[in-house]
Structure formats: C-alpha cells, structure tokens
Amino acid sequence: MALLTPDDLKNMTDDLVENDTLIHKLTGFSLDRLCSEIYKTEKKKEKIAIIPVTAGCGIIGRFSESLLFTVKHFGMDGFITKNTDVAGFYEAVMSDADIVLMADDLAFIAYNLKNKKIAHNQICTGRVYAEILCRSKTPDLVAEKKALVIGLGKVGTPALETLLKYGYDVSAFDADEKRVNDVISYYSKLNTGPHTDLAGRVKKYDKNAGEKFYKILEATPALDTVPENCLKNGSLLSTPGIPCGLSKKLQEKYNVMIVQEPLGIGTLSMLYAVFDEK
C-alpha cells in the first residue's frame, strides 16, 4: 500500500466516526466490539505510547495525532512521545507504557511491552476489512457466500485468507497476473494438513465473464480498479485502499455501501490483536 499523506488524513476523524456507525449497522457490532470478537481480547487500562519515527521519508503530518484520536475515541489512554525514534521508545518504556505504536516506510506495528504480542498493520487491516464483509447481516449480504478480492498484496492476501476461513468462494484479481496464479496455485495445494478448509476455493476473476458480487474487498492504491460489470445494486465495498477504487458515479448508480477509512480501522484491529485475551 502507498504511504499515507497529510491530505489522506485531513478528514480522518470524521471518516472514523462515520465508518464506525456504518460498521455497526452492517454487523451489529461497534468497531471496537467487532475487533474484540475477532481476536477474543479486550481492552483494560492499557497505556499506549505513539512514537514518531523520522527514518526513511520522515514523519507524516497528522499521523501521530490521528493515532491519538483513535486511541482516545475508543476510550483508551494514550500519548505521543516528546522524543522520536529510539529516544521515543526509551521514553515510552520509562513512562510505563503498555503498548507502543510506531511506523516507518516499511512497517507499522503495535507491540505490547507486557505480554510481548506484536501486530503488523497490513495483516490486521486486511483481516478486519474482510471480517466486516463476512459479518455483514443484511439479507442479501448474509446469503452471499462469494466475494471478489481486488489487489493481492500485503493487505489483500490476508483479507483473502480470512474470507476463505469463513467458507467463501473467492474470485481474485491483481494487476500482476503471476501473483494471481501463484495465490491460486498455493491454495489449490492445501489438500492435507491443518489448512484443508482453505483449499481450492480461489479462482481468477474474469472481468469479461459478467459475474457480479455483493461483497467486494479492494486493496490497491489506484483509482477505478472496481469494474462496473462486477457490481450489484446494494453491493458492499470494503476497502482500505487510498484512493477509493470505485468512482463516485458508480457508487451512486449501484447504491454501493463503502467501508473506507485511511488509518483508524486498521489501527484498532492491531491494538486488539495485542491486548490480553478475555
């Protein structure tokens, strides 16, 4: 996924609140309760330190502040360290933080200093966006046991596996056709061992076949990746991709419901991944 920019985050607080409301409407769970159900963990009184990191392309404007909003919005105690990088980590430990959030160009992680759990944003983001699709309770969406996944990178692939674990038949597309073939080959070989439930239920999406979907997971950094002929009226698009891969025109034409927010949903998923079990 592309690195976020300050412009990506300028409406983040409103986007998070609006998406929390939509997620509750779709699944019956608020976002924090959904994450608790996914990971079988719960927040207690963890103190969360957000450490600005200057490595690589440097600090993204509004990033730390957006994380702090997410933490506080969902009733947790958090602070941004005054120092950056290693000095910031030291400050977090000396301030008796329970969890640290920090990101550079390659990874955004949550690390629980007490129980030693660690979570990667890309994996947790893919999982929670897929879980939203799987747990959606409107009549059409409940009946639908197939999904389209667009983008098989470090977010889309964990999302695809989550869908398979829920028993979905998945059509997959990526601009890199070899990646699609590799993913299909990998899951077709899971005929023995502990992952037989994931075997053989991934196929290549053919945009010329006219197959339509209520449930679509889009995880790319590109515009116009969702083709019109895959849409049904009332489709649900769950997308951590920035920018949105579905045009406004098609959103309105097909009454598409969209779960999309640049940072907070994935961050909350990461935090619940490292909390203690219930």
# chains A, B, ... in the order shown; residues from 1 in each chain; ligands from 1
call {"tool": "residues_around", "arguments": {"residues": "Ser36 of chain A", "least_positions_apart": "3", "cutoff": "12 Å", "atoms": "only C-alpha atoms", "output": "list in words"}}
result
Phe29, Ser30, Leu31, Asp32, Arg33, Tyr39, Lys40, Thr41, Glu42, Lys43, Lys44, Val128, Glu131, Leu268, Ser269, Met270, Leu271, Tyr272, Ala273, Val274, Phe275, Asp276, Glu277 and Lys278 of chain A
call {"tool": "residues_around", "arguments": {"residues": "Lys137 of chain A", "least_positions_apart": "6", "cutoff": "10 Å", "atoms": "only C-alpha atoms", "output": "PyMOL selection string"}}
result
chain A and resi 25-28+143
call {"tool": "closest_residue", "arguments": {"among": "A:Leu152, A:Met102, A:Val202, A:Ala209", "to": "Lys165 of chain A", "atoms": "only C-alpha atoms"}}
result
A:Val202
call {"tool": "closest_residue", "arguments": {"among": "A:Gly264, A:Lys72, A:Ala49, A:Thr239", "to": "Asn121 of chain A", "atoms": "only C-alpha atoms"}}
result
A:Gly264
call {"tool": "atom_distance", "arguments": {"atom1": "atom CA of Gly61 of chain A", "atom2": "atom CA of Leu4 of chain A"}}
result
9.3 Å
call {"tool": "residues_around", "arguments": {"residues": "segment 170-177 of chain A", "least_positions_apart": "4", "cutoff": "8 Å", "atoms": "only C-alpha atoms", "output": "ChimeraX atom specification"}}
result
/A:146-152,160,163-164,181,201-205
call {"tool": "write_last_selection", "arguments": {"atoms": "N, CA and C atoms", "output": "PDB file, in the first residue's frame"}}
result
ATOM      1  N   LYS A 146     -19.881 -15.631  -1.642  1.00  0.00           N
ATOM      2  CA  LYS A 146     -18.776 -15.465  -2.575  1.00  0.00           C
ATOM      3  C   LYS A 146     -18.332 -14.010  -2.503  1.00  0.00           C
ATOM      4  N   ALA A 147     -17.082 -13.779  -2.853  1.00  0.00           N
ATOM      5  CA  ALA A 147     -16.538 -12.421  -2.770  1.00  0.00           C
ATOM      6  C   ALA A 147     -15.500 -12.224  -3.861  1.00  0.00           C
ATOM      7  N   LEU A 148     -15.319 -10.974  -4.218  1.00  0.00           N
ATOM      8  CA  LEU A 148     -14.278 -10.568  -5.157  1.00  0.00           C
ATOM      9  C   LEU A 148     -13.194  -9.826  -4.386  1.00  0.00           C
ATOM     10  N   VAL A 149     -11.952 -10.236  -4.545  1.00  0.00           N
ATOM     11  CA  VAL A 149     -10.816  -9.544  -3.940  1.00  0.00           C
ATOM     12  C   VAL A 149      -9.979  -8.935  -5.052  1.00  0.00           C
ATOM     13  N   ILE A 150      -9.811  -7.624  -4.989  1.00  0.00           N
ATOM     14  CA  ILE A 150      -9.011  -6.893  -5.977  1.00  0.00           C
ATOM     15  C   ILE A 150      -7.755  -6.377  -5.275  1.00  0.00           C
ATOM     16  N   GLY A 151      -6.604  -6.859  -5.690  1.00  0.00           N
ATOM     17  CA  GLY A 151      -5.343  -6.491  -5.064  1.00  0.00           C
ATOM     18  C   GLY A 151      -4.873  -7.580  -4.122  1.00  0.00           C
ATOM     19  N   LEU A 152      -3.798  -8.268  -4.484  1.00  0.00           N
ATOM     20  CA  LEU A 152      -3.299  -9.402  -3.694  1.00  0.00           C
ATOM     21  C   LEU A 152      -1.931  -9.098  -3.100  1.00  0.00           C
ATOM     22  N   LEU A 160      -8.024 -12.102   1.803  1.00  0.00           N
ATOM     23  CA  LEU A 160      -8.484 -13.273   1.058  1.00  0.00           C
ATOM     24  C   LEU A 160      -8.506 -14.506   1.960  1.00  0.00           C
ATOM     25  N   LEU A 163     -11.486 -14.501   4.277  1.00  0.00           N
ATOM     26  CA  LEU A 163     -12.708 -14.888   3.572  1.00  0.00           C
ATOM     27  C   LEU A 163     -12.780 -16.405   3.393  1.00  0.00           C
ATOM     28  N   LEU A 164     -11.662 -17.033   3.050  1.00  0.00           N
ATOM     29  CA  LEU A 164     -11.641 -18.480   2.886  1.00  0.00           C
ATOM     30  C   LEU A 164     -11.974 -19.189   4.195  1.00  0.00           C
ATOM     31  N   ASN A 181      -1.895 -16.114 -10.216  1.00  0.00           N
ATOM     32  CA  ASN A 181      -1.637 -17.526 -10.465  1.00  0.00           C
ATOM     33  C   ASN A 181      -0.940 -18.188  -9.284  1.00  0.00           C
ATOM     34  N   ARG A 201     -10.606 -22.953  -3.259  1.00  0.00           N
ATOM     35  CA  ARG A 201     -11.782 -22.094  -3.401  1.00  0.00           C
ATOM     36  C   ARG A 201     -11.413 -20.707  -3.900  1.00  0.00           C
ATOM     37  N   VAL A 202     -10.286 -20.581  -4.566  1.00  0.00           N
ATOM     38  CA  VAL A 202      -9.869 -19.314  -5.170  1.00  0.00           C
ATOM     39  C   VAL A 202      -9.789 -19.514  -6.677  1.00  0.00           C
ATOM     40  N   LYS A 203     -10.407 -18.608  -7.422  1.00  0.00           N
ATOM     41  CA  LYS A 203     -10.316 -18.657  -8.873  1.00  0.00           C
ATOM     42  C   LYS A 203      -9.958 -17.268  -9.395  1.00  0.00           C
ATOM     43  N   LYS A 204      -9.448 -17.233 -10.609  1.00  0.00           N
ATOM     44  CA  LYS A 204      -9.084 -15.963 -11.237  1.00  0.00           C
ATOM     45  C   LYS A 204     -10.351 -15.235 -11.676  1.00  0.00           C
ATOM     46  N   TYR A 205     -10.424 -13.962 -11.351  1.00  0.00           N
ATOM     47  CA  TYR A 205     -11.565 -13.153 -11.777  1.00  0.00           C
ATOM     48  C   TYR A 205     -11.421 -12.779 -13.244  1.00  0.00           C
TER      49      TYR A 205
END
call {"tool": "atom_distance", "arguments": {"atom1": "atom CA of Asp85 of chain A", "atom2": "atom CA of Lys10 of chain A"}}
result
24.1 Å
call {"tool": "atom_distance", "arguments": {"atom1": "atom CA of Ile258 of chain A", "atom2": "atom CA of Ser238 of chain A"}}
result
5.9 Å
call {"tool": "select_by_dssp", "arguments": {"residues": "segment 32-276 of chain A", "states": "alpha helix (DSSP H)", "output": "PyMOL selection string"}}
result
chain A and resi 32-39+63-73+85-94+121-135+139-143+156-165+177-188+248-253+264-274
call {"tool": "write_last_selection", "arguments": {"atoms": "C-alpha atoms", "output": "compact mmCIF listing (two decimals), in the first residue's frame"}}
result
# COMPACT_ATOMS: atom_id res chain seq x y z
CA ASP A 32 -14.14 -1.85 18.95
CA ARG A 33 -16.58 -4.62 19.85
CA LEU A 34 -16.03 -6.19 16.43
CA CYS A 35 -12.26 -6.20 16.97
CA SER A 36 -12.78 -7.73 20.40
CA GLU A 37 -14.86 -10.51 18.82
CA ILE A 38 -12.27 -11.11 16.09
CA TYR A 39 -9.28 -11.50 18.40
CA PHE A 63 -0.22 10.71 11.53
CA SER A 64 0.59 10.64 15.24
CA GLU A 65 -2.33 12.94 16.02
CA SER A 66 -4.69 10.66 14.08
CA LEU A 67 -3.47 7.66 16.06
CA LEU A 68 -4.01 9.51 19.31
CA PHE A 69 -7.55 10.41 18.24
CA THR A 70 -8.26 6.74 17.50
CA VAL A 71 -6.92 5.63 20.87
CA LYS A 72 -8.87 8.23 22.83
CA HIS A 73 -12.06 7.94 20.74
CA ASP A 85 12.83 7.08 17.19
CA VAL A 86 14.92 5.20 19.77
CA ALA A 87 14.71 8.06 22.26
CA GLY A 88 10.94 7.94 21.89
CA PHE A 89 10.91 4.20 22.56
CA TYR A 90 13.02 4.76 25.67
CA GLU A 91 10.62 7.49 26.79
CA ALA A 92 7.66 5.14 26.28
CA VAL A 93 9.25 2.41 28.39
CA MET A 94 10.29 4.84 31.13
CA ASN A 121 -0.82 -3.15 10.31
CA GLN A 122 -1.07 -4.70 6.85
CA ILE A 123 -2.13 -8.10 8.19
CA CYS A 124 -4.55 -6.68 10.75
CA THR A 125 -6.04 -4.24 8.25
CA GLY A 126 -6.68 -6.98 5.70
CA ARG A 127 -8.30 -9.13 8.34
CA VAL A 128 -10.67 -6.54 9.80
CA TYR A 129 -11.87 -5.29 6.41
CA ALA A 130 -12.60 -8.89 5.38
CA GLU A 131 -14.32 -9.61 8.68
CA ILE A 132 -16.66 -6.68 8.04
CA LEU A 133 -17.73 -8.34 4.80
CA CYS A 134 -18.14 -11.75 6.41
CA ARG A 135 -20.15 -10.49 9.39
CA PRO A 139 -30.39 -10.26 3.98
CA ASP A 140 -28.61 -10.06 0.63
CA LEU A 141 -25.18 -9.86 2.20
CA VAL A 142 -25.79 -12.76 4.59
CA ALA A 143 -26.88 -15.02 1.73
CA GLY A 156 -5.34 -8.12 0.15
CA THR A 157 -3.80 -11.54 0.75
CA PRO A 158 -4.61 -11.68 4.50
CA ALA A 159 -8.09 -10.47 3.59
CA LEU A 160 -8.48 -13.27 1.06
CA GLU A 161 -7.43 -15.87 3.62
CA THR A 162 -9.93 -14.51 6.13
CA LEU A 163 -12.71 -14.89 3.57
CA LEU A 164 -11.64 -18.48 2.89
CA LYS A 165 -11.74 -19.29 6.60
CA GLU A 177 -1.23 -11.88 -13.27
CA LYS A 178 1.63 -14.01 -11.94
CA ARG A 179 0.66 -13.05 -8.42
CA VAL A 180 -2.89 -14.24 -9.03
CA ASN A 181 -1.64 -17.53 -10.46
CA ASP A 182 0.72 -18.03 -7.51
CA VAL A 183 -2.07 -17.43 -5.00
CA ILE A 184 -4.45 -19.83 -6.77
CA SER A 185 -1.70 -22.46 -7.01
CA TYR A 186 -0.86 -22.11 -3.31
CA TYR A 187 -4.42 -22.63 -2.09
CA SER A 188 -5.14 -25.42 -4.56
CA LYS A 248 -18.44 8.32 -7.34
CA LYS A 249 -20.59 7.82 -10.41
CA LEU A 250 -20.69 4.03 -9.95
CA GLN A 251 -21.14 4.34 -6.20
CA GLU A 252 -24.32 6.31 -6.77
CA LYS A 253 -25.57 4.29 -9.75
CA GLY A 264 -8.14 4.15 12.42
CA ILE A 265 -9.87 0.87 11.49
CA GLY A 266 -6.58 -0.92 10.88
CA THR A 267 -5.01 0.65 13.96
CA LEU A 268 -7.80 -0.55 16.23
CA SER A 269 -7.51 -4.03 14.72
CA MET A 270 -3.78 -4.01 15.58
CA LEU A 271 -4.40 -2.93 19.15
CA TYR A 272 -6.94 -5.67 19.82
CA ALA A 273 -4.52 -8.16 18.27
CA VAL A 274 -2.03 -7.39 21.07
call {"tool": "select_by_dssp", "arguments": {"residues": "segment 26-226 of chain A", "states": "strand (DSSP E or B)", "output": "ChimeraX atom specification"}}
result
/A:41,47-51,77-80,99-103,108-112,118-120,146-150,169-173,202-204,213-218
call {"tool": "write_last_selection", "arguments": {"atoms": "N, CA and C atoms", "output": "compact mmCIF listing (two decimals), in the first residue's frame"}}
result
# COMPACT_ATOMS: atom_id res chain seq x y z
N THR A 41 -10.07 -10.77 22.54
CA THR A 41 -9.32 -9.99 23.52
C THR A 41 -10.20 -8.84 24.00
N LYS A 47 -1.93 1.61 28.67
CA LYS A 47 -1.39 2.93 28.35
C LYS A 47 -0.61 2.80 27.04
N ILE A 48 -1.01 3.58 26.04
CA ILE A 48 -0.49 3.40 24.68
C ILE A 48 0.38 4.59 24.30
N ALA A 49 1.62 4.31 23.95
CA ALA A 49 2.57 5.35 23.53
C ALA A 49 2.68 5.35 22.01
N ILE A 50 2.56 6.51 21.43
CA ILE A 50 2.69 6.70 19.99
C ILE A 50 4.04 7.37 19.74
N ILE A 51 4.92 6.67 19.02
CA ILE A 51 6.29 7.13 18.86
C ILE A 51 6.50 7.65 17.43
N ASP A 77 -6.21 5.12 26.99
CA ASP A 77 -5.26 6.13 27.45
C ASP A 77 -4.05 6.13 26.52
N GLY A 78 -3.72 7.27 25.96
CA GLY A 78 -2.59 7.31 25.06
C GLY A 78 -1.87 8.65 25.08
N PHE A 79 -0.65 8.65 24.57
CA PHE A 79 0.12 9.89 24.48
C PHE A 79 1.14 9.76 23.36
N ILE A 80 1.53 10.90 22.82
CA ILE A 80 2.59 10.96 21.81
C ILE A 80 3.89 11.31 22.53
N ILE A 99 1.77 -0.46 25.62
CA ILE A 99 1.81 -0.76 24.19
C ILE A 99 2.44 0.42 23.46
N VAL A 100 3.24 0.13 22.45
CA VAL A 100 3.78 1.19 21.61
C VAL A 100 3.23 1.02 20.20
N LEU A 101 2.93 2.15 19.56
CA LEU A 101 2.59 2.21 18.14
C LEU A 101 3.68 2.99 17.44
N MET A 102 4.24 2.43 16.36
CA MET A 102 5.28 3.15 15.63
C MET A 102 5.34 2.63 14.21
N ALA A 103 5.77 3.52 13.29
CA ALA A 103 5.78 3.18 11.88
C ALA A 103 6.95 3.84 11.18
N PHE A 108 4.27 -0.71 10.04
CA PHE A 108 3.53 -0.02 11.10
C PHE A 108 3.11 -1.10 12.07
N ILE A 109 3.58 -1.02 13.31
CA ILE A 109 3.35 -2.10 14.26
C ILE A 109 2.76 -1.61 15.58
N ALA A 110 2.09 -2.53 16.25
CA ALA A 110 1.73 -2.38 17.66
C ALA A 110 2.50 -3.45 18.42
N TYR A 111 3.15 -3.05 19.50
CA TYR A 111 3.92 -4.01 20.31
C TYR A 111 3.54 -3.84 21.76
N ASN A 112 3.09 -4.94 22.37
CA ASN A 112 2.71 -4.94 23.78
C ASN A 112 3.95 -5.27 24.60
N ILE A 118 2.95 -8.86 19.19
CA ILE A 118 3.25 -7.84 18.18
C ILE A 118 2.28 -8.02 17.01
N ALA A 119 1.87 -6.93 16.40
CA ALA A 119 0.93 -6.99 15.28
C ALA A 119 1.39 -6.05 14.18
N HIS A 120 1.20 -6.48 12.94
CA HIS A 120 1.58 -5.70 11.76
C HIS A 120 0.31 -5.11 11.14
N LYS A 146 -19.88 -15.63 -1.64
CA LYS A 146 -18.78 -15.46 -2.57
C LYS A 146 -18.33 -14.01 -2.50
N ALA A 147 -17.08 -13.78 -2.85
CA ALA A 147 -16.54 -12.42 -2.77
C ALA A 147 -15.50 -12.22 -3.86
N LEU A 148 -15.32 -10.97 -4.22
CA LEU A 148 -14.28 -10.57 -5.16
C LEU A 148 -13.19 -9.83 -4.39
N VAL A 149 -11.95 -10.24 -4.55
CA VAL A 149 -10.82 -9.54 -3.94
C VAL A 149 -9.98 -8.93 -5.05
N ILE A 150 -9.81 -7.62 -4.99
CA ILE A 150 -9.01 -6.89 -5.98
C ILE A 150 -7.75 -6.38 -5.28
N ASP A 169 -16.22 -18.64 -1.44
CA ASP A 169 -15.57 -18.83 -2.73
C ASP A 169 -15.09 -17.46 -3.19
N VAL A 170 -13.81 -17.36 -3.49
CA VAL A 170 -13.19 -16.06 -3.76
C VAL A 170 -12.70 -15.98 -5.20
N SER A 171 -13.12 -14.94 -5.89
CA SER A 171 -12.54 -14.58 -7.18
C SER A 171 -11.48 -13.51 -6.93
N ALA A 172 -10.32 -13.68 -7.52
CA ALA A 172 -9.18 -12.82 -7.21
C ALA A 172 -8.65 -12.13 -8.46
N PHE A 173 -8.28 -10.86 -8.28
CA PHE A 173 -7.68 -10.10 -9.37
C PHE A 173 -6.52 -9.28 -8.84
N VAL A 202 -10.29 -20.58 -4.57
CA VAL A 202 -9.87 -19.31 -5.17
C VAL A 202 -9.79 -19.51 -6.68
N LYS A 203 -10.41 -18.61 -7.42
CA LYS A 203 -10.32 -18.66 -8.87
C LYS A 203 -9.96 -17.27 -9.39
N LYS A 204 -9.45 -17.23 -10.61
CA LYS A 204 -9.08 -15.96 -11.24
C LYS A 204 -10.35 -15.23 -11.68
N PHE A 213 -21.08 -9.37 -7.79
CA PHE A 213 -20.81 -9.66 -6.39
C PHE A 213 -21.50 -8.64 -5.49
N TYR A 214 -22.04 -9.13 -4.38
CA TYR A 214 -22.47 -8.23 -3.32
C TYR A 214 -21.27 -7.80 -2.47
N LYS A 215 -20.28 -8.68 -2.34
CA LYS A 215 -19.18 -8.41 -1.41
C LYS A 215 -17.87 -8.28 -2.18
N ILE A 216 -17.24 -7.12 -2.03
CA ILE A 216 -16.01 -6.82 -2.75
C ILE A 216 -14.99 -6.26 -1.77
N LEU A 217 -13.79 -6.81 -1.79
CA LEU A 217 -12.66 -6.32 -0.99
C LEU A 217 -11.65 -5.74 -1.96
N GLU A 218 -11.36 -4.46 -1.83
CA GLU A 218 -10.42 -3.79 -2.73
C GLU A 218 -9.25 -3.25 -1.93
call {"tool": "closest_residue", "arguments": {"among": "A:Met76, A:Leu263, A:Ile23, A:Ala107", "to": "Leu237 of chain A", "atoms": "only C-alpha atoms"}}
result
A:Ile23
call {"tool": "closest_residue", "arguments": {"among": "A:Val259, A:Ala97, A:Cys244, A:Leu190", "to": "Ser136 of chain A", "atoms": "only C-alpha atoms"}}
result
A:Val259
call {"tool": "decode", "arguments": {"residues": "segment 48-60 of chain A", "atoms": "all heavy atoms", "output": "short mmCIF file (atom, residue, chain, number, x, y, z; two decimals), in the first residue's frame"}}
result
data_model
loop_
_atom_site.label_atom_id
_atom_site.label_comp_id
_atom_site.auth_asym_id
_atom_site.auth_seq_id
_atom_site.Cartn_x
_atom_site.Cartn_y
_atom_site.Cartn_z
N ILE A 48 -1.01 3.58 26.04
CA ILE A 48 -0.49 3.40 24.68
C ILE A 48 0.38 4.59 24.30
O ILE A 48 -0.08 5.74 24.30
CB ILE A 48 -1.64 3.22 23.69
CG1 ILE A 48 -2.45 1.97 24.08
CG2 ILE A 48 -1.12 3.10 22.26
CD1 ILE A 48 -3.79 1.87 23.41
N ALA A 49 1.62 4.31 23.95
CA ALA A 49 2.57 5.35 23.53
C ALA A 49 2.68 5.35 22.01
O ALA A 49 2.88 4.30 21.40
CB ALA A 49 3.93 5.11 24.16
N ILE A 50 2.56 6.51 21.43
CA ILE A 50 2.69 6.70 19.99
C ILE A 50 4.04 7.37 19.74
O ILE A 50 4.30 8.47 20.22
CB ILE A 50 1.55 7.56 19.45
CG1 ILE A 50 0.21 6.85 19.69
CG2 ILE A 50 1.75 7.88 17.98
CD1 ILE A 50 -0.98 7.78 19.70
N ILE A 51 4.92 6.67 19.02
CA ILE A 51 6.29 7.13 18.86
C ILE A 51 6.50 7.65 17.43
O ILE A 51 6.46 6.87 16.47
CB ILE A 51 7.28 5.98 19.14
CG1 ILE A 51 7.05 5.40 20.53
CG2 ILE A 51 8.72 6.47 18.97
CD1 ILE A 51 7.85 4.13 20.80
N PRO A 52 6.71 8.94 17.24
CA PRO A 52 7.03 9.46 15.90
C PRO A 52 8.38 8.91 15.44
O PRO A 52 9.33 8.82 16.22
CB PRO A 52 7.08 10.98 16.10
CG PRO A 52 6.35 11.22 17.39
CD PRO A 52 6.61 10.02 18.24
N VAL A 53 8.45 8.52 14.18
CA VAL A 53 9.68 7.95 13.62
C VAL A 53 10.12 8.79 12.43
O VAL A 53 9.32 9.08 11.53
CB VAL A 53 9.45 6.48 13.20
CG1 VAL A 53 10.68 5.92 12.50
CG2 VAL A 53 9.10 5.62 14.42
N THR A 54 11.39 9.17 12.41
CA THR A 54 11.90 10.06 11.37
C THR A 54 12.62 9.32 10.25
O THR A 54 13.01 9.92 9.26
CB THR A 54 12.89 11.08 11.97
OG1 THR A 54 14.02 10.38 12.52
CG2 THR A 54 12.23 11.91 13.06
N ALA A 55 12.79 8.00 10.37
CA ALA A 55 13.53 7.23 9.38
C ALA A 55 12.85 7.28 8.02
O ALA A 55 11.64 7.48 7.91
CB ALA A 55 13.67 5.78 9.85
N GLY A 56 13.63 7.06 6.97
CA GLY A 56 13.08 7.00 5.62
C GLY A 56 12.53 8.34 5.18
O GLY A 56 13.22 9.36 5.22
N CYS A 57 11.25 8.34 4.78
CA CYS A 57 10.62 9.56 4.28
C CYS A 57 10.22 10.53 5.39
O CYS A 57 9.72 11.61 5.11
CB CYS A 57 9.39 9.22 3.44
SG CYS A 57 9.79 8.40 1.88
N GLY A 58 10.42 10.11 6.63
CA GLY A 58 10.18 11.02 7.74
C GLY A 58 8.77 10.98 8.27
O GLY A 58 7.94 10.17 7.86
N ILE A 59 8.47 11.90 9.19
CA ILE A 59 7.19 11.93 9.88
C ILE A 59 6.10 12.44 8.94
O ILE A 59 6.27 13.46 8.28
CB ILE A 59 7.29 12.81 11.14
CG1 ILE A 59 8.27 12.18 12.14
CG2 ILE A 59 5.92 13.01 11.78
CD1 ILE A 59 8.59 13.07 13.33
N ILE A 60 4.98 11.73 8.90
CA ILE A 60 3.83 12.13 8.10
C ILE A 60 2.97 13.08 8.94
O ILE A 60 2.58 12.74 10.06
CB ILE A 60 2.99 10.90 7.68
CG1 ILE A 60 3.84 9.96 6.82
CG2 ILE A 60 1.73 11.33 6.93
CD1 ILE A 60 3.18 8.62 6.57
#
